[in-house]
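Colleague: What follows is entry23.cif, mmCIF, C-alpha atoms.
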```
data_run
loop_
_atom_site.group_PDB
_atom_site.id
_atom_site.type_symbol
_atom_site.label_atom_id
_atom_site.label_comp_id
_atom_site.auth_asym_id
_atom_site.auth_seq_id
_atom_site.Cartn_x
_atom_site.Cartn_y
_atom_site.Cartn_z
ATOM 1 C CA MET E 26 311.015 10.408 119.521
ATOM 2 C CA PRO E 27 311.406 12.473 122.694
ATOM 3 C CA VAL E 28 309.258 11.436 125.631
ATOM 4 C CA PRO E 29 308.203 13.318 128.774
ATOM 5 C CA LYS E 30 310.818 13.079 131.531
ATOM 6 C CA LEU E 31 309.207 11.679 134.676
ATOM 7 C CA ASN E 32 310.596 10.295 137.937
ATOM 8 C CA ILE E 33 310.397 6.533 138.605
ATOM 9 C CA LEU E 34 308.977 5.960 135.125
ATOM 10 C CA ASN E 35 312.079 7.257 133.354
ATOM 11 C CA GLU E 36 312.437 5.671 129.928
ATOM 12 C CA THR E 37 309.899 2.943 130.728
ATOM 13 C CA ILE E 38 307.213 5.375 129.584
ATOM 14 C CA ARG E 39 308.073 3.975 126.152
ATOM 15 C CA ASN E 40 306.437 0.720 127.222
ATOM 16 C CA LEU E 41 303.198 2.534 126.451
ATOM 17 C CA TYR E 42 303.741 1.634 122.795
ATOM 18 C CA PHE E 43 304.038 -2.088 123.595
ATOM 19 C CA HIS E 44 302.144 -2.929 126.768
ATOM 20 C CA VAL E 45 299.070 -0.734 126.300
ATOM 21 C CA THR E 46 298.740 -1.533 122.592
ATOM 22 C CA MET E 47 298.533 -5.256 123.511
ATOM 23 C CA TRP E 48 295.381 -4.589 125.478
ATOM 24 C CA PHE E 49 293.887 -2.424 122.715
ATOM 25 C CA SER E 50 294.539 -5.275 120.310
ATOM 26 C CA MET E 51 292.987 -7.799 122.708
ATOM 27 C CA ILE E 52 289.841 -5.705 123.191
ATOM 28 C CA PHE E 53 289.491 -5.386 119.407
ATOM 29 C CA LEU E 54 289.853 -9.157 118.927
ATOM 30 C CA MET E 55 287.331 -9.859 121.676
ATOM 31 C CA LEU E 56 284.913 -7.381 120.059
ATOM 32 C CA MET E 57 285.299 -9.193 116.731
ATOM 33 C CA SER E 58 284.735 -12.490 118.553
ATOM 34 C CA LEU E 59 281.558 -11.056 120.095
ATOM 35 C CA ILE E 60 280.323 -9.929 116.671
ATOM 36 C CA GLN E 61 280.982 -13.401 115.219
ATOM 37 C CA SER E 62 279.130 -15.004 118.134
ATOM 38 C CA ILE E 63 276.125 -12.741 117.604
ATOM 39 C CA ARG E 64 276.198 -13.471 113.893
ATOM 40 C CA TYR E 65 276.360 -17.183 114.684
ATOM 41 C CA LEU E 66 273.221 -16.860 116.784
ATOM 42 C CA SER E 67 271.393 -15.168 113.908
ATOM 43 C CA SER E 68 272.630 -17.479 111.144
ATOM 44 C CA PHE E 69 273.670 -20.768 112.880
ATOM 45 C CA ASP E 70 276.595 -20.931 110.491
ATOM 46 C CA LYS E 71 279.259 -23.181 112.058
ATOM 47 C CA LEU E 72 282.117 -21.264 110.476
ATOM 48 C CA ARG E 73 281.057 -18.169 112.431
ATOM 49 C CA ASP E 74 281.384 -20.168 115.635
ATOM 50 C CA LEU E 75 284.859 -21.286 114.590
ATOM 51 C CA LYS E 76 285.771 -17.667 113.834
ATOM 52 C CA ALA E 77 284.549 -16.547 117.261
ATOM 53 C CA GLU E 78 286.626 -19.241 118.967
ATOM 54 C CA THR E 79 289.785 -18.438 117.000
ATOM 55 C CA LEU E 80 289.448 -14.701 117.626
ATOM 56 C CA ALA E 81 288.980 -15.298 121.351
ATOM 57 C CA SER E 82 292.004 -17.599 121.580
ATOM 58 C CA THR E 83 294.148 -15.076 119.705
ATOM 59 C CA GLY E 84 292.864 -12.413 122.096
ATOM 60 C CA ILE E 85 293.952 -14.539 125.060
ATOM 61 C CA PHE E 86 297.382 -14.987 123.462
ATOM 62 C CA ILE E 87 297.764 -11.214 123.090
ATOM 63 C CA ALA E 88 296.445 -10.718 126.625
ATOM 64 C CA THR E 89 299.106 -13.101 127.960
ATOM 65 C CA LEU E 90 301.746 -10.959 126.293
ATOM 66 C CA GLY E 91 300.085 -7.851 127.739
ATOM 67 C CA LEU E 92 300.051 -9.349 131.227
ATOM 68 C CA THR E 93 303.698 -10.493 131.067
ATOM 69 C CA THR E 94 304.955 -7.155 129.767
ATOM 70 C CA GLY E 95 302.855 -5.412 132.413
ATOM 71 C CA MET E 96 304.418 -7.542 135.140
ATOM 72 C CA ILE E 97 307.935 -6.687 133.967
ATOM 73 C CA TRP E 98 307.023 -3.005 133.861
ATOM 74 C CA ALA E 99 305.464 -3.186 137.347
ATOM 75 C CA GLN E 100 308.555 -4.847 138.842
ATOM 76 C CA PHE E 101 310.764 -1.882 137.961
ATOM 77 C CA THR E 102 308.337 0.958 138.626
ATOM 78 C CA TRP E 103 305.943 -0.206 141.339
ATOM 79 C CA GLY E 104 308.427 -2.604 142.968
ATOM 80 C CA THR E 105 306.694 -5.952 142.579
ATOM 81 C CA PHE E 106 305.495 -8.138 139.745
ATOM 82 C CA TRP E 107 301.951 -8.111 141.048
ATOM 83 C CA VAL E 108 300.176 -5.454 143.083
ATOM 84 C CA ASN E 109 296.583 -5.631 144.226
ATOM 85 C CA ASP E 110 295.556 -3.073 141.682
ATOM 86 C CA PRO E 111 291.943 -3.282 140.454
ATOM 87 C CA LYS E 112 293.124 -3.148 136.857
ATOM 88 C CA LEU E 113 295.542 -6.058 137.302
ATOM 89 C CA ASN E 114 293.032 -8.203 139.138
ATOM 90 C CA GLY E 115 290.376 -7.240 136.603
ATOM 91 C CA ALA E 116 292.641 -8.330 133.766
ATOM 92 C CA ALA E 117 293.351 -11.619 135.551
ATOM 93 C CA VAL E 118 289.620 -12.225 136.095
ATOM 94 C CA THR E 119 288.971 -11.406 132.418
ATOM 95 C CA MET E 120 291.513 -13.985 131.337
ATOM 96 C CA LEU E 121 289.960 -16.564 133.665
ATOM 97 C CA ILE E 122 286.509 -15.771 132.208
ATOM 98 C CA TYR E 123 287.820 -16.407 128.701
ATOM 99 C CA LEU E 124 289.671 -19.550 129.796
ATOM 100 C CA ALA E 125 286.326 -20.746 131.183
ATOM 101 C CA TYR E 126 284.919 -20.099 127.677
ATOM 102 C CA PHE E 127 287.365 -22.642 126.212
ATOM 103 C CA ILE E 128 286.705 -25.150 129.002
ATOM 104 C CA LEU E 129 282.965 -24.742 128.382
ATOM 105 C CA ARG E 130 283.493 -25.380 124.678
ATOM 106 C CA ASN E 131 285.457 -28.550 125.317
ATOM 107 C CA SER E 132 282.983 -29.874 127.850
ATOM 108 C CA ILE E 133 279.993 -30.003 125.466
ATOM 109 C CA GLU E 134 280.130 -32.845 122.965
ATOM 110 C CA ASN E 135 277.126 -32.016 120.805
ATOM 111 C CA GLU E 136 278.404 -29.593 118.159
ATOM 112 C CA ASP E 137 275.237 -27.519 117.782
ATOM 113 C CA SER E 138 274.606 -27.009 121.458
ATOM 114 C CA ARG E 139 278.312 -26.351 122.014
ATOM 115 C CA ALA E 140 278.277 -23.564 119.447
ATOM 116 C CA ARG E 141 275.046 -22.096 120.798
ATOM 117 C CA VAL E 142 275.986 -22.186 124.493
ATOM 118 C CA SER E 143 279.487 -20.850 123.901
ATOM 119 C CA ALA E 144 278.143 -18.039 121.695
ATOM 120 C CA ILE E 145 275.837 -16.931 124.496
ATOM 121 C CA TYR E 146 278.639 -17.275 127.048
ATOM 122 C CA ASN E 147 280.923 -15.216 124.791
ATOM 123 C CA ILE E 148 278.464 -12.304 124.900
ATOM 124 C CA LEU E 149 278.471 -12.507 128.689
ATOM 125 C CA ALA E 150 282.283 -12.763 128.752
ATOM 126 C CA PHE E 151 282.672 -9.602 126.654
ATOM 127 C CA VAL E 152 280.355 -7.637 128.925
ATOM 128 C CA MET E 153 282.263 -8.899 131.983
ATOM 129 C CA MET E 154 285.565 -7.892 130.342
ATOM 130 C CA ILE E 155 284.343 -4.331 129.790
ATOM 131 C CA VAL E 156 283.140 -4.185 133.407
ATOM 132 C CA PHE E 157 286.347 -5.615 134.860
ATOM 133 C CA ILE E 158 288.959 -3.736 132.870
ATOM 134 C CA GLY E 159 287.011 -0.709 131.688
ATOM 135 C CA ILE E 160 284.602 0.317 134.430
ATOM 136 C CA LEU E 161 285.578 -1.060 137.863
ATOM 137 C CA PRO E 162 289.210 0.213 137.825
ATOM 138 C CA ARG E 163 287.919 3.693 137.059
ATOM 139 C CA MET E 164 285.664 3.699 140.105
ATOM 140 C CA THR E 165 288.329 2.911 142.728
ATOM 141 C CA ASP E 166 291.934 3.893 143.340
ATOM 142 C CA SER E 167 294.287 2.378 140.834
ATOM 143 C CA LEU E 168 297.971 2.674 140.069
ATOM 144 C CA HIS E 169 297.180 2.717 136.388
ATOM 145 C CA PRO E 170 297.145 6.129 134.712
ATOM 146 C CA GLY E 171 293.747 7.468 133.807
ATOM 147 C CA ASN E 172 292.030 5.467 136.568
ATOM 148 C CA GLY E 173 290.630 6.530 139.920
ATOM 149 C CA GLY E 174 291.680 10.168 139.733
ATOM 150 C CA ASN E 175 295.136 9.417 138.345
ATOM 151 C CA PRO E 176 296.073 11.577 135.395
ATOM 152 C CA GLY E 177 296.364 9.695 132.108
ATOM 153 C CA PHE E 178 299.528 9.811 130.072
ATOM 154 C CA GLY E 179 297.757 12.284 127.814
ATOM 155 C CA ASN E 180 298.283 14.976 130.462
ATOM 156 C CA TYR E 181 302.076 14.596 130.267
ATOM 157 C CA ASP E 182 302.234 14.313 126.500
ATOM 158 C CA LEU E 183 302.123 18.028 125.907
ATOM 159 C CA ASP E 184 303.627 18.128 122.424
ATOM 160 C CA SER E 185 301.712 15.012 121.237
ATOM 161 C CA ASN E 186 304.942 13.262 120.308
ATOM 162 C CA MET E 187 303.821 10.124 122.104
ATOM 163 C CA ARG E 188 300.461 10.148 120.364
ATOM 164 C CA MET E 189 302.264 10.174 117.019
ATOM 165 C CA VAL E 190 303.827 6.814 117.929
ATOM 166 C CA PHE E 191 301.051 5.405 120.087
ATOM 167 C CA TYR E 192 298.123 5.545 117.670
ATOM 168 C CA PRO E 193 299.952 3.955 114.709
ATOM 169 C CA ALA E 194 301.225 1.297 117.147
ATOM 170 C CA VAL E 195 297.655 0.572 118.248
ATOM 171 C CA ILE E 196 296.555 0.193 114.622
ATOM 172 C CA GLY E 197 299.597 -1.975 113.884
ATOM 173 C CA TRP E 198 299.020 -4.354 116.774
ATOM 174 C CA ILE E 199 295.317 -4.600 115.943
ATOM 175 C CA LEU E 200 296.298 -5.569 112.386
ATOM 176 C CA ILE E 201 298.890 -8.100 113.636
ATOM 177 C CA GLY E 202 296.307 -9.592 115.997
ATOM 178 C CA SER E 203 293.745 -9.885 113.207
ATOM 179 C CA TRP E 204 296.360 -11.436 110.938
ATOM 180 C CA ILE E 205 297.308 -14.060 113.555
ATOM 181 C CA ALA E 206 293.614 -14.837 114.094
ATOM 182 C CA GLN E 207 293.015 -15.152 110.364
ATOM 183 C CA LEU E 208 296.015 -17.476 109.905
ATOM 184 C CA SER E 209 294.945 -19.795 112.706
ATOM 185 C CA TYR E 210 291.366 -19.735 111.400
ATOM 186 C CA ARG E 211 292.573 -20.814 107.954
ATOM 187 C CA ILE E 212 294.637 -23.626 109.499
ATOM 188 C CA LYS E 213 291.594 -24.796 111.470
ATOM 189 C CA VAL E 214 289.430 -24.795 108.331
ATOM 190 C CA LEU E 215 292.076 -26.869 106.540
ATOM 191 C CA GLU E 216 292.186 -29.318 109.447
ATOM 192 C CA ILE E 217 288.394 -29.690 109.397
ATOM 193 C CA ASN E 218 288.368 -30.238 105.626
ATOM 194 C CA LYS E 219 291.061 -32.884 106.012
ATOM 195 C CA GLU E 220 289.074 -34.705 108.681
ATOM 196 C CA ASN E 221 285.957 -34.750 106.527
ATOM 197 C CA LYS E 222 287.734 -36.251 103.560
ATOM 198 C CA MET X 10 343.308 -0.015 170.175
ATOM 199 C CA LYS X 11 340.120 1.701 171.237
ATOM 200 C CA LEU X 12 340.692 4.358 168.625
ATOM 201 C CA LEU X 13 341.158 1.711 165.950
ATOM 202 C CA ILE X 14 337.907 -0.043 166.889
ATOM 203 C CA THR X 15 336.037 3.251 166.872
ATOM 204 C CA LEU X 16 337.529 4.094 163.533
ATOM 205 C CA LEU X 17 336.597 0.740 162.068
ATOM 206 C CA PHE X 18 333.127 0.948 163.547
ATOM 207 C CA SER X 19 332.529 4.416 162.154
ATOM 208 C CA LEU X 20 333.855 3.255 158.793
ATOM 209 C CA PHE X 21 331.466 0.297 158.903
ATOM 210 C CA CYS X 22 328.568 2.586 159.794
ATOM 211 C CA SER X 23 329.405 5.003 157.020
ATOM 212 C CA THR X 24 329.554 2.229 154.440
ATOM 213 C CA LEU X 25 326.175 1.043 155.699
ATOM 214 C CA THR X 26 324.598 4.447 155.218
ATOM 215 C CA ILE X 27 326.244 4.792 151.823
ATOM 216 C CA ALA X 28 324.936 1.377 150.833
ATOM 217 C CA GLN X 29 321.429 2.506 151.704
ATOM 218 C CA ASN X 30 321.587 5.649 149.650
ATOM 219 C CA VAL X 31 323.544 4.430 146.664
ATOM 220 C CA GLU X 32 321.548 3.489 143.655
ATOM 221 C CA MET X 33 322.270 -0.189 143.020
ATOM 222 C CA ALA X 34 324.302 -1.127 139.983
ATOM 223 C CA ASP X 35 321.273 -2.936 138.692
ATOM 224 C CA VAL X 36 321.215 -3.336 134.940
ATOM 225 C CA MET X 37 317.455 -2.912 134.720
ATOM 226 C CA ARG X 38 317.564 0.367 136.641
ATOM 227 C CA SER X 39 320.525 1.872 134.793
ATOM 228 C CA ASN X 40 320.376 4.287 131.875
ATOM 229 C CA GLY X 41 316.914 5.538 132.766
ATOM 230 C CA LYS X 42 315.507 1.984 132.951
ATOM 231 C CA ILE X 43 315.739 1.610 129.191
ATOM 232 C CA TYR X 44 316.436 -2.129 129.627
ATOM 233 C CA VAL X 45 312.930 -2.573 131.003
ATOM 234 C CA VAL X 46 311.659 -1.503 127.598
ATOM 235 C CA VAL X 47 314.133 -3.920 126.003
ATOM 236 C CA ALA X 48 312.837 -6.736 128.239
ATOM 237 C CA VAL X 49 309.242 -5.924 127.310
ATOM 238 C CA ILE X 50 310.003 -5.952 123.581
ATOM 239 C CA ALA X 51 311.964 -9.198 124.016
ATOM 240 C CA THR X 52 308.989 -10.782 125.795
ATOM 241 C CA ILE X 53 306.665 -9.883 122.952
ATOM 242 C CA PHE X 54 309.190 -11.185 120.439
ATOM 243 C CA VAL X 55 309.606 -14.494 122.283
ATOM 244 C CA GLY X 56 305.823 -14.831 122.573
ATOM 245 C CA LEU X 57 305.345 -14.284 118.849
ATOM 246 C CA MET X 58 308.164 -16.730 118.087
ATOM 247 C CA ILE X 59 306.596 -19.474 120.232
ATOM 248 C CA PHE X 60 303.283 -18.858 118.475
ATOM 249 C CA LEU X 61 304.907 -19.018 115.026
ATOM 250 C CA ILE X 62 306.754 -22.264 115.834
ATOM 251 C CA ARG X 63 303.515 -23.852 117.023
ATOM 252 C CA MET X 64 301.765 -22.675 113.865
ATOM 253 C CA ASP X 65 304.634 -24.060 111.767
ATOM 254 C CA LYS X 66 304.161 -27.483 113.364
ATOM 255 C CA LYS X 67 300.425 -27.404 112.637
ATOM 256 C CA VAL X 68 301.040 -26.560 108.979
ATOM 257 C CA GLN X 69 303.669 -29.314 108.766
ATOM 258 C CA LYS X 70 301.094 -31.809 110.058
ATOM 259 C CA LEU X 71 298.649 -30.665 107.400
ATOM 260 C CA GLU X 72 301.229 -31.022 104.648
ATOM 261 C CA GLU X 73 301.918 -34.651 105.519
#
```
Would you give me this structure, written as structure tokens?
Modeller:
Amino acid sequence: MPVPKLNILNETIRNLYFHVTMWFSMIFLMLMSLIQSIRYLSSFDKLRDLKAETLASTGIFIATLGLTTGMIWAQFTWGTFWVNDPKLNGAAVTMLIYLAYFILRNSIENEDSRARVSAIYNILAFVMMIVFIGILPRMTDSLHPGNGGNPGFGNYDLDSNMRMVFYPAVIGWILIGSWIAQLSYRIKVLEINKENK
Amino acid sequence: MKLLITLLFSLFCSTLTIAQNVEMADVMRSNGKIYVVVAVIATIFVGLMIFLIRMDKKVQKLEE
């Protein structure tokens, strides 16, 4: 597929299909985790809590990949692995918020209160994620396209060739993320059943 | 002798300026930085592989 020819970016514009899709996949997984947490709070079904935890941990795994690929991309276009870009710092804060979610889970021994507290924290974490990676970077200057007055890649993609690859890639990575989450959820259920025997 | 030193000095200076302007023979910056894309795909692949190996170990534990 031909891509727009741009200075500095050169062929790395193709990273759009890999780096950006990671974050789309992560946001989808975190949204599913949020939904499971809300459903736990309305039903108090322990499996929903387990689902929320697994989806969040898969989301963090995908986010790690997104962060690493982003750092490689930054090194060869912006010059360093890490710049003080609001989007980068926002993504780092988001990951710390979700890591705090797992620490919170492990710190409460009572199963019912653990599930309840972490479900409520998960709702807060999702809102914080949207603020940190969706809203704040758009309000200040950012190196990321589509933020702070920067044109998005959509402005360069005049013949929509990139969209033809990008959107299927987003769907594909969302499906892969959901599949990973489902597999680890099934393993966890098996482990729990084994312990109860 | 003086001429030789001047010549050498000017040669040294010219190589310096050339070195500043020349694009480095850096693999990651050659061929339109396509290897950056390769590195990114490789990172994702390695990440997925590590995840799969860990999952494999978990399943093995369950099978025992």
Colleague: Find, counting all atoms listed in the file, the residue in E:Tyr42, E:Trp98, E:Phe49, E:Phe191 that gets nearest to chain X.
Modeller: E:Trp98
Colleague: To test your reading of the syntax: which residues would the PyMOL selection byres ((chain E) within 9 of (chain X)) return for the file shown? Reply as a PyMOL selection string.
Modeller: chain E and resi 33-40+43-44+86-87+89-91+93-95+97-98+101+208-209+212+215-216+219
Colleague: Work out how far atom CA of Gln69 of chain X is from atom CA of Lys222 of chain E, in Å to one decimal.
Modeller: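 According to the coordinates, atom CA of Lys222 of chain E and atom CA of Gln69 of chain X are separated by 18.1 Å.
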Colleague: Care to translate the PyMOL selection byres ((chain E and resi 108) around 12) into actual residues of this file, as a count of residues only?
Modeller: 22
Colleague: To one decimal in Å, tell me the separation between atom CA of Leu80 of chain E and atom CA of Ser58 of chain E.
Modeller: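 Straight-line distance from atom CA of Leu80 of chain E to atom CA of Ser58 of chain E works out to 5.3 Å.
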Colleague: Could you list, as a list in words, every residue matched by the PyMOL selection byres ((chain E and resi 72) around 12) in this structure?
Modeller: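 Taken on the displayed file, the PyMOL selection byres ((chain E and resi 72) around 12) yields the residues Gln61, Ser62, Arg64, Tyr65, Leu66, Ser68, Phe69, Asp70, Lys71, Arg73, Asp74, Leu75, Lys76, Ala77, Glu78, Thr79, Glu136, Asp137, Ala140, Tyr210, Arg211, Lys213, Val214, Ile217 and Asn218 of chain E.
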Colleague: Atoms to include: C-alpha atoms. Write the selected residues as a PDB file, in the coordinates of the input.
Modeller:
```pdb
ATOM      1  CA  GLN E  61     280.982 -13.401 115.219  1.00  0.00           C
ATOM      2  CA  SER E  62     279.130 -15.004 118.134  1.00  0.00           C
ATOM      3  CA  ARG E  64     276.198 -13.471 113.893  1.00  0.00           C
ATOM      4  CA  TYR E  65     276.360 -17.183 114.684  1.00  0.00           C
ATOM      5  CA  LEU E  66     273.221 -16.860 116.784  1.00  0.00           C
ATOM      6  CA  SER E  68     272.630 -17.479 111.144  1.00  0.00           C
ATOM      7  CA  PHE E  69     273.670 -20.768 112.880  1.00  0.00           C
ATOM      8  CA  ASP E  70     276.595 -20.931 110.491  1.00  0.00           C
ATOM      9  CA  LYS E  71     279.259 -23.181 112.058  1.00  0.00           C
ATOM     10  CA  ARG E  73     281.057 -18.169 112.431  1.00  0.00           C
ATOM     11  CA  ASP E  74     281.384 -20.168 115.635  1.00  0.00           C
ATOM     12  CA  LEU E  75     284.859 -21.286 114.590  1.00  0.00           C
ATOM     13  CA  LYS E  76     285.771 -17.667 113.834  1.00  0.00           C
ATOM     14  CA  ALA E  77     284.549 -16.547 117.261  1.00  0.00           C
ATOM     15  CA  GLU E  78     286.626 -19.241 118.967  1.00  0.00           C
ATOM     16  CA  THR E  79     289.785 -18.438 117.000  1.00  0.00           C
ATOM     17  CA  GLU E 136     278.404 -29.593 118.159  1.00  0.00           C
ATOM     18  CA  ASP E 137     275.237 -27.519 117.782  1.00  0.00           C
ATOM     19  CA  ALA E 140     278.277 -23.564 119.447  1.00  0.00           C
ATOM     20  CA  TYR E 210     291.366 -19.735 111.400  1.00  0.00           C
ATOM     21  CA  ARG E 211     292.573 -20.814 107.954  1.00  0.00           C
ATOM     22  CA  LYS E 213     291.594 -24.796 111.470  1.00  0.00           C
ATOM     23  CA  VAL E 214     289.430 -24.795 108.331  1.00  0.00           C
ATOM     24  CA  ILE E 217     288.394 -29.690 109.397  1.00  0.00           C
ATOM     25  CA  ASN E 218     288.368 -30.238 105.626  1.00  0.00           C
TER      26      ASN E 218
END
```
Colleague: Find the distance between atom CA of Gly197 of chain E and atom CA of Met120 of chain E and write it in Å to one decimal.
Modeller: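 Taking atom CA of Gly197 of chain E and atom CA of Met120 of chain E, their separation equals 22.7 Å.
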Colleague: Counting all atoms listed in the file, figure out which residue out of E:Ser143, E:Thr83, E:Thr46, E:Thr165 gets nearest to Phe127 of chain E.
Modeller: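 Under the stated criterion, the closest residue is E:Ser143.
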